[in-house]
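Colleague: Right, I'll just put the structure down here and ask away after.
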Amino acid sequence: MTDDFPSPTLEPVATFCGSCNCGCPQLFVDPDAEEDRRVVITDDFGQRVQMSADQFANLVSDAKAGKLDAVAIA
C-alpha cells in the first residue's frame, strides 16, 4: 500500500463509533495488498495497522475468548 490513503481498493468492513465526525476507527480489507497486509485498521488520528487475515482471525479469537476485556475496561 502506498502513502495515499484511503486506497481506492479498500473495502470497508466496519466503523467503530460512527456517531460523530471525529474520524472514527475503521476496519477495511484491501484485496490488492500483499497477503500479509490485507486487513487494515485505521484510528481517528490517521494512523493505520496492516495485518494478515490469519493475524486478524487470531485477534478476533482472543477477543471472543475475553482476553481483551481488561483493555476495554481501562
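By convention here, the chains of the C-alpha cells are called A, B, ... in the order presented, each chain's residues are numbered starting at 1, and ligands are numbered starting at 1 in the order presented.
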For Phe45 (chain A), please output as a list of chain:residue names all residues within 12 Å (counting only C-alpha atoms; exclusion window: fewer than 5 positions along the same chain).
Modeller: A:Cys22, A:Gly23, A:Cys24, A:Pro25, A:Gln26
Colleague: Quick one: everything within 12 Å of Pro31 (chain A), counting only C-alpha atoms, minus sequence neighbours fewer than 3 positions away in the same chain. Send it as JSON, numbers by chain.
Modeller: {"A": [1, 7, 8, 9, 10, 11, 12, 28, 34, 35, 36, 37, 38, 39, 40, 52, 53]}
Colleague: Could you write out, as a PyMOL selection string, all the residues of chain A that DSSP marks as helix (DSSP H, G or I)?
Modeller: chain A and resi 35-37+53-64+69-73
Colleague: Got a sec to tell me which of chain A DSSP assigns to strand (DSSP E), as an mmCIF file with C-alpha atoms, in the first residue's frame?
Modeller:
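And here is the file that came out, part.cif:
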```cif
data_model
loop_
_atom_site.group_PDB
_atom_site.id
_atom_site.type_symbol
_atom_site.label_atom_id
_atom_site.label_comp_id
_atom_site.auth_asym_id
_atom_site.auth_seq_id
_atom_site.Cartn_x
_atom_site.Cartn_y
_atom_site.Cartn_z
ATOM 1 C CA GLU A 11 -13.352 -2.396 1.048
ATOM 2 C CA PRO A 12 -14.941 -1.042 4.245
ATOM 3 C CA VAL A 13 -15.983 -3.705 6.765
ATOM 4 C CA ALA A 14 -16.827 -1.839 9.977
ATOM 5 C CA THR A 15 -16.744 1.596 11.594
ATOM 6 C CA GLN A 26 -12.399 1.706 10.775
ATOM 7 C CA LEU A 27 -11.726 -1.811 9.551
ATOM 8 C CA PHE A 28 -11.010 -2.432 5.856
ATOM 9 C CA VAL A 29 -9.917 -5.260 3.593
ATOM 10 C CA VAL A 39 -6.500 -6.293 6.731
ATOM 11 C CA VAL A 40 -6.281 -2.582 7.559
ATOM 12 C CA ILE A 41 -7.378 -0.922 10.792
ATOM 13 C CA THR A 42 -7.315 2.865 10.979
ATOM 14 C CA ARG A 48 -3.151 2.524 10.322
ATOM 15 C CA VAL A 49 -2.193 -1.027 11.145
ATOM 16 C CA GLN A 50 -1.961 -3.631 8.422
ATOM 17 C CA MET A 51 -2.022 -7.368 9.102
#
```
Colleague: Between CA of Ile73 (chain A) and CA of Asp54 (chain A), what is the spacing in Å?
Modeller: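 Separation between CA of Asp54 (chain A) and CA of Ile73 (chain A): 26.0 Å.
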